[in-house]
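Below is the file structure-v6.csv, which contains CSV, C-alpha atoms.
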```csv
chain,number,residue,atom,x,y,z
Z,219,MET,CA,154.5,-272.0,-39.2
Z,220,PHE,CA,154.1,-275.8,-39.5
Z,221,PRO,CA,153.1,-276.5,-43.1
Z,222,GLU,CA,153.3,-280.3,-42.6
Z,223,LEU,CA,150.4,-280.0,-40.2
Z,224,GLY,CA,148.6,-277.2,-42.1
Z,225,LEU,CA,149.0,-275.1,-38.9
Z,226,TYR,CA,149.9,-271.4,-38.8
Z,227,LEU,CA,149.6,-269.2,-35.7
Z,228,VAL,CA,150.6,-266.0,-34.0
Z,229,ALA,CA,151.0,-265.9,-30.2
Z,230,ASP,CA,151.6,-262.6,-28.4
Z,231,GLY,CA,152.7,-262.9,-24.8
Z,232,VAL,CA,151.3,-261.0,-21.8
Z,233,GLY,CA,152.4,-260.7,-18.2
Z,234,GLY,CA,155.8,-259.0,-18.7
Z,235,HIS,CA,158.6,-259.4,-21.1
Z,236,VAL,CA,160.0,-262.7,-19.8
Z,237,GLY,CA,156.7,-264.3,-18.8
Z,238,GLY,CA,155.1,-263.3,-22.0
Z,239,ARG,CA,157.9,-264.8,-24.1
Z,240,VAL,CA,157.8,-268.0,-22.2
Z,241,ALA,CA,154.0,-268.3,-22.4
Z,242,SER,CA,153.8,-267.5,-26.1
Z,243,GLU,CA,156.5,-270.1,-26.9
Z,244,MET,CA,154.7,-272.6,-24.8
Z,245,VAL,CA,151.4,-272.0,-26.6
Z,246,VAL,CA,153.0,-272.5,-30.0
Z,247,GLU,CA,154.8,-275.6,-29.0
Z,248,GLU,CA,151.9,-277.2,-27.2
Z,249,ILE,CA,149.4,-276.6,-30.0
Z,250,ARG,CA,152.0,-278.1,-32.5
Z,251,ARG,CA,152.6,-281.1,-30.3
Z,252,VAL,CA,149.0,-281.9,-29.7
Z,253,LEU,CA,148.1,-281.8,-33.4
Z,254,ALA,CA,151.3,-283.7,-34.5
Z,255,ALA,CA,150.6,-286.4,-32.0
Z,256,GLY,CA,147.0,-286.9,-32.9
Z,257,GLU,CA,146.1,-287.4,-29.2
Z,258,PRO,CA,143.1,-289.5,-28.3
Z,259,GLY,CA,139.9,-287.8,-29.2
Z,260,ASN,CA,141.7,-285.3,-31.4
Z,261,ASP,CA,142.9,-287.2,-34.5
Z,262,ALA,CA,139.4,-288.5,-35.6
Z,263,SER,CA,137.6,-285.1,-35.0
Z,264,GLY,CA,136.9,-282.4,-37.5
Z,265,VAL,CA,139.6,-279.8,-38.2
Z,266,ASP,CA,137.8,-277.3,-36.0
Z,267,ARG,CA,137.4,-279.6,-33.0
Z,268,ARG,CA,141.1,-280.7,-33.4
Z,269,LEU,CA,142.3,-277.1,-33.3
Z,270,LEU,CA,140.0,-276.2,-30.3
Z,271,ALA,CA,141.3,-279.2,-28.4
Z,272,ALA,CA,144.9,-278.2,-29.0
Z,273,VAL,CA,144.3,-274.6,-27.9
Z,274,GLN,CA,142.6,-275.8,-24.7
Z,275,GLN,CA,145.5,-278.1,-24.0
Z,276,ALA,CA,147.9,-275.2,-24.4
Z,277,HIS,CA,145.8,-273.3,-21.9
Z,278,ARG,CA,146.1,-276.1,-19.4
Z,279,ARG,CA,149.9,-276.3,-20.0
Z,280,VAL,CA,150.3,-272.6,-19.3
Z,281,ARG,CA,148.1,-272.8,-16.2
Z,282,GLU,CA,150.3,-275.6,-14.8
Z,283,ALA,CA,153.4,-273.5,-15.4
Z,284,ARG,CA,151.9,-270.5,-13.7
Z,285,GLN,CA,151.0,-272.6,-10.7
Z,286,ASP,CA,154.6,-273.8,-10.5
Z,287,GLY,CA,155.4,-270.2,-9.7
Z,288,ALA,CA,158.2,-269.6,-12.3
Z,289,GLN,CA,156.2,-266.9,-14.1
Z,290,PRO,CA,153.0,-266.4,-12.1
Z,291,GLY,CA,151.5,-263.6,-14.3
Z,292,MET,CA,152.2,-265.0,-17.7
Z,293,GLY,CA,149.8,-265.7,-20.5
Z,294,SER,CA,149.4,-265.3,-24.3
Z,295,THR,CA,147.0,-264.4,-27.0
Z,296,VAL,CA,146.7,-266.8,-29.9
Z,297,ALA,CA,145.3,-266.6,-33.4
Z,298,ALA,CA,145.6,-269.9,-35.2
Z,299,VAL,CA,144.5,-271.4,-38.5
Z,300,LEU,CA,144.4,-275.1,-39.3
Z,301,PHE,CA,143.8,-276.3,-42.9
Z,302,ASP,CA,142.1,-279.5,-44.0
Z,303,ARG,CA,143.1,-279.8,-47.6
Z,304,HIS,CA,141.0,-282.8,-48.3
Z,305,GLN,CA,137.8,-281.1,-47.2
Z,306,GLY,CA,138.7,-277.7,-48.5
Z,307,GLN,CA,138.2,-276.1,-45.0
Z,308,VAL,CA,140.1,-274.0,-42.6
Z,309,ALA,CA,139.5,-273.7,-38.8
Z,310,ILE,CA,140.2,-270.3,-37.1
Z,311,CYS,CA,140.6,-270.3,-33.4
Z,312,HIS,CA,141.7,-267.3,-31.3
Z,313,ALA,CA,141.8,-265.9,-27.8
Z,314,GLY,CA,142.8,-262.2,-27.1
Z,315,ASP,CA,143.4,-259.5,-29.6
Z,316,SER,CA,145.6,-261.1,-32.2
Z,317,ARG,CA,143.7,-261.3,-35.5
Z,318,VAL,CA,143.0,-263.2,-38.7
Z,319,TYR,CA,142.0,-261.4,-41.9
Z,320,ARG,CA,141.0,-262.9,-45.2
Z,321,LEU,CA,141.5,-261.3,-48.6
Z,322,ARG,CA,139.1,-262.8,-51.1
Z,323,ALA,CA,138.8,-261.2,-54.6
Z,324,ALA,CA,138.5,-257.4,-53.9
Z,325,ALA,CA,137.3,-257.7,-50.3
Z,326,VAL,CA,139.2,-257.9,-47.0
Z,327,GLU,CA,137.4,-259.4,-44.0
Z,328,GLN,CA,138.3,-259.6,-40.4
Z,329,LEU,CA,137.5,-263.2,-39.3
Z,330,THR,CA,138.1,-262.7,-35.6
Z,331,ASP,CA,136.6,-260.3,-33.0
Z,332,ASP,CA,139.0,-258.9,-30.4
Z,333,HIS,CA,138.5,-260.3,-26.9
Z,334,THR,CA,138.9,-256.9,-25.4
Z,335,LEU,CA,137.0,-254.7,-23.0
Z,336,VAL,CA,136.4,-252.0,-25.6
Z,337,HIS,CA,135.1,-254.5,-28.1
Z,338,GLU,CA,132.5,-255.6,-25.5
Z,339,TRP,CA,131.6,-251.9,-25.0
Z,340,VAL,CA,131.2,-251.5,-28.8
Z,341,SER,CA,129.0,-254.6,-29.0
Z,342,GLU,CA,126.8,-253.3,-26.1
Z,343,GLY,CA,126.5,-249.9,-27.8
Z,344,LYS,CA,128.3,-248.1,-25.0
Z,345,ILE,CA,130.9,-246.5,-27.3
Z,346,THR,CA,131.5,-246.3,-31.0
Z,347,ALA,CA,134.1,-248.2,-33.0
Z,348,GLU,CA,135.8,-244.8,-33.7
Z,349,ASP,CA,136.0,-244.1,-29.9
Z,350,ALA,CA,137.3,-247.7,-29.3
Z,351,ALA,CA,140.2,-247.2,-31.7
Z,352,SER,CA,141.7,-244.4,-29.5
Z,353,SER,CA,140.5,-245.6,-26.1
Z,354,PRO,CA,143.1,-245.9,-23.4
Z,355,HIS,CA,141.4,-249.2,-22.5
Z,356,ARG,CA,141.7,-250.8,-25.9
Z,357,HIS,CA,144.5,-253.2,-24.8
Z,358,ILE,CA,142.6,-254.7,-21.9
Z,359,ILE,CA,142.0,-258.2,-23.1
Z,360,THR,CA,139.2,-260.4,-21.7
Z,361,GLN,CA,140.5,-263.7,-23.0
Z,362,ALA,CA,144.1,-265.0,-23.0
Z,363,VAL,CA,145.7,-268.5,-22.8
Z,364,GLY,CA,146.6,-269.3,-19.3
Z,365,THR,CA,145.5,-266.1,-17.5
Z,366,LYS,CA,142.2,-267.4,-16.0
Z,367,GLU,CA,141.0,-270.7,-14.8
Z,368,THR,CA,138.9,-271.3,-17.9
Z,369,LEU,CA,139.4,-270.2,-21.5
Z,370,ALA,CA,136.6,-269.6,-24.0
Z,371,PRO,CA,138.3,-269.1,-27.3
Z,372,SER,CA,136.3,-268.2,-30.4
Z,373,LEU,CA,136.1,-270.8,-33.2
Z,374,ARG,CA,134.9,-270.7,-36.8
Z,375,LEU,CA,135.1,-273.0,-39.8
Z,376,GLU,CA,135.3,-271.6,-43.3
Z,377,ARG,CA,135.3,-273.1,-46.8
Z,378,LEU,CA,138.4,-272.4,-48.9
Z,379,LEU,CA,138.6,-270.8,-52.3
Z,380,VAL,CA,141.6,-270.9,-54.6
Z,381,GLY,CA,143.3,-267.5,-54.2
Z,382,ASP,CA,142.2,-266.8,-50.6
Z,383,VAL,CA,144.9,-265.0,-48.6
Z,384,PHE,CA,144.9,-265.2,-44.9
Z,385,VAL,CA,146.8,-262.6,-42.8
Z,386,LEU,CA,147.5,-263.3,-39.1
Z,387,THR,CA,148.7,-260.3,-37.1
Z,388,SER,CA,149.6,-259.3,-33.5
Z,389,ASP,CA,148.2,-256.0,-32.2
Z,390,GLY,CA,151.6,-254.4,-32.9
Z,391,ILE,CA,150.5,-254.3,-36.6
Z,392,HIS,CA,146.7,-254.0,-36.7
Z,393,ASP,CA,146.6,-251.3,-34.1
Z,394,LEU,CA,148.4,-249.1,-36.6
Z,395,VAL,CA,147.8,-250.6,-40.0
Z,396,GLY,CA,144.2,-250.6,-41.2
Z,397,PRO,CA,142.5,-253.5,-43.1
Z,398,GLY,CA,142.7,-251.5,-46.4
Z,399,GLU,CA,146.4,-250.9,-45.9
Z,400,ILE,CA,146.9,-254.6,-45.1
Z,401,ALA,CA,145.1,-255.6,-48.3
Z,402,ASP,CA,147.1,-253.1,-50.4
Z,403,ALA,CA,150.4,-254.3,-49.0
Z,404,VAL,CA,149.6,-257.9,-49.7
Z,405,ARG,CA,148.4,-257.3,-53.2
Z,406,ALA,CA,151.4,-255.1,-54.0
Z,407,ALA,CA,153.8,-257.9,-53.0
Z,408,GLY,CA,152.2,-260.3,-55.5
Z,409,ASP,CA,153.6,-263.8,-55.1
Z,410,ASP,CA,156.3,-262.6,-52.7
Z,411,LEU,CA,154.6,-263.3,-49.4
Z,412,GLU,CA,157.7,-262.7,-47.4
Z,413,ARG,CA,157.8,-259.3,-48.8
Z,414,ALA,CA,154.2,-258.8,-47.8
Z,415,CYS,CA,155.1,-259.6,-44.2
Z,416,ALA,CA,158.1,-257.3,-44.3
Z,417,ARG,CA,156.0,-254.5,-45.7
Z,418,LEU,CA,153.3,-254.8,-43.0
Z,419,ILE,CA,156.0,-254.5,-40.3
Z,420,GLU,CA,157.5,-251.5,-42.1
Z,421,LEU,CA,154.1,-249.8,-42.2
Z,422,ALA,CA,153.6,-250.4,-38.4
Z,423,ASN,CA,157.0,-248.9,-37.8
Z,424,GLU,CA,156.3,-245.9,-40.1
Z,425,HIS,CA,153.1,-245.3,-38.2
Z,426,GLY,CA,155.1,-245.0,-35.0
Z,427,GLY,CA,154.9,-248.6,-33.8
Z,428,LYS,CA,156.6,-249.4,-30.5
Z,429,ASP,CA,155.1,-252.9,-29.9
Z,430,ASN,CA,156.2,-256.3,-31.1
Z,431,SER,CA,155.0,-256.7,-34.7
Z,432,THR,CA,154.3,-260.3,-35.9
Z,433,THR,CA,152.5,-261.4,-39.0
Z,434,VAL,CA,152.0,-264.5,-41.2
Z,435,VAL,CA,150.6,-264.3,-44.7
Z,436,LEU,CA,149.3,-267.4,-46.5
Z,437,ARG,CA,147.8,-268.0,-50.0
Z,438,CYS,CA,145.6,-270.9,-50.9
Z,439,HIS,CA,146.6,-272.7,-54.2
Z,440,ALA,CA,144.7,-275.2,-56.2
Z,441,PRO,CA,145.1,-278.8,-55.0
Z,442,GLU,CA,147.6,-281.0,-56.8
Z,443,THR,CA,146.2,-282.9,-59.7
Z,444,THR,CA,145.9,-286.7,-59.6
Z,445,ALA,CA,148.7,-287.0,-62.1
Z,446,ARG,CA,151.0,-284.8,-60.0
Z,447,ARG,CA,150.3,-287.0,-56.9
Z,448,GLU,CA,151.0,-290.2,-58.9
Z,449,GLU,CA,154.2,-288.7,-60.2
Z,450,LYS,CA,155.3,-288.0,-56.6
Z,451,SER,CA,154.3,-291.4,-55.5
Z,452,THR,CA,156.8,-293.0,-57.9
Z,453,LEU,CA,159.8,-291.2,-56.3
Z,454,PRO,CA,162.1,-293.3,-54.1
Z,455,ALA,CA,161.5,-293.1,-50.3
```

Show how you would write the structure in this file as structure tokens.
Amino acid sequence: MFPELGLYLVADGVGGHVGGRVASEMVVEEIRRVLAAGEPGNDASGVDRRLLAAVQQAHRRVREARQDGAQPGMGSTVAAVLFDRHQGQVAICHAGDSRVYRLRAAAVEQLTDDHTLVHEWVSEGKITAEDAASSPHRHIITQAVGTKETLAPSLRLERLLVGDVFVLTSDGIHDLVGPGEIADAVRAAGDDLERACARLIELANEHGGKDNSTTVVLRCHAPETTARREEKSTLPA
């Protein structure tokens, strides 16, 4: 979580315990670095293009590390959101099967589509969504940072509404905790978003979870008033 950048993300490593850990840490740090540095061609772009450029740079960084031979099979999923408070927008970029959900009013919506073999089969009408949920192939991902020569992450741009809640999860949670349960857990926690995160992990464990469980929960508040900003500007540096 990097609130000073408006950046929040989940990265879930693949390619073995050690390689996956190295790759996921590398993805997080490289995306943060690119956005913080405002690298040429990135700082003046829209929030969606900035996030996409950062994810692609993370892909190149992991590919370089793989080619160095330290962890040749490593890679990582990523689900990232980048907020533009001035424009009231959020960019969502993901590769793999980590997800982003949005709770708005009484509805919960999955804003990402899993980059998995079974999701492709569902889209092609080869199997049903119910069959996909229990398929032994459901964890075969078709996109991940660093695993192939090229990366084609999914990108979308959404308008923000006050009260929107975004939930980022690794598959260790959403494989076992359905969208309705996620929404109920977040609403029950009220303003205590740390408690919401803890409850989602508890639910995954209660449902027999054996995988890593990672989640980030965010709520959009109203922007500060002009008076509030002026008050802050009078404080000493």

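Atom CA of Thr295 of chain Z is positioned 23.1 Å from atom CA of Glu342 of chain Z.
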
Interatomic distance (Å, one decimal) between atom CA of Val245 of chain Z and atom CA of Ala283 of chain Z: 11.5 Å

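Neighbouring residues of Leu411 of chain Z at 9 Å or closer, counting only C-alpha atoms and skipping chain neighbours under 3 positions away, are Val404, Ala407, Gly408, Ala414, Cys415, Ala416, Val434, Val435, Leu436 and Arg437 of chain Z.
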
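Counting all atoms listed in the file, the residue from Z:Leu225, Z:Val383, Z:Ala255, Z:Ala241 that sits nearest to Val326 of chain Z is Z:Val383.
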
Shortest interatomic distance to Leu418 of chain Z - which of Z:Val336, Z:Val280, Z:Leu386, Z:Ala324, counting all atoms listed in the file: Z:Leu386

Atom pair atom CA of Ala406 of chain Z / atom CA of Tyr319 of chain Z: separation (Å): 16.6 Å

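Minimum distance to Asp389 of chain Z across Z:Asp402, Z:Asp332, Z:Glu376, Z:Glu338 (counting only C-alpha atoms) occurs at Z:Asp332.
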
Residue neighbourhood segment 267-279 of chain Z, 6 Å, only C-alpha atoms, exclusion window fewer than 3 positions, as a ChimeraX atom specification: /Z:245,248-249,252,260,263-264,282,363-364
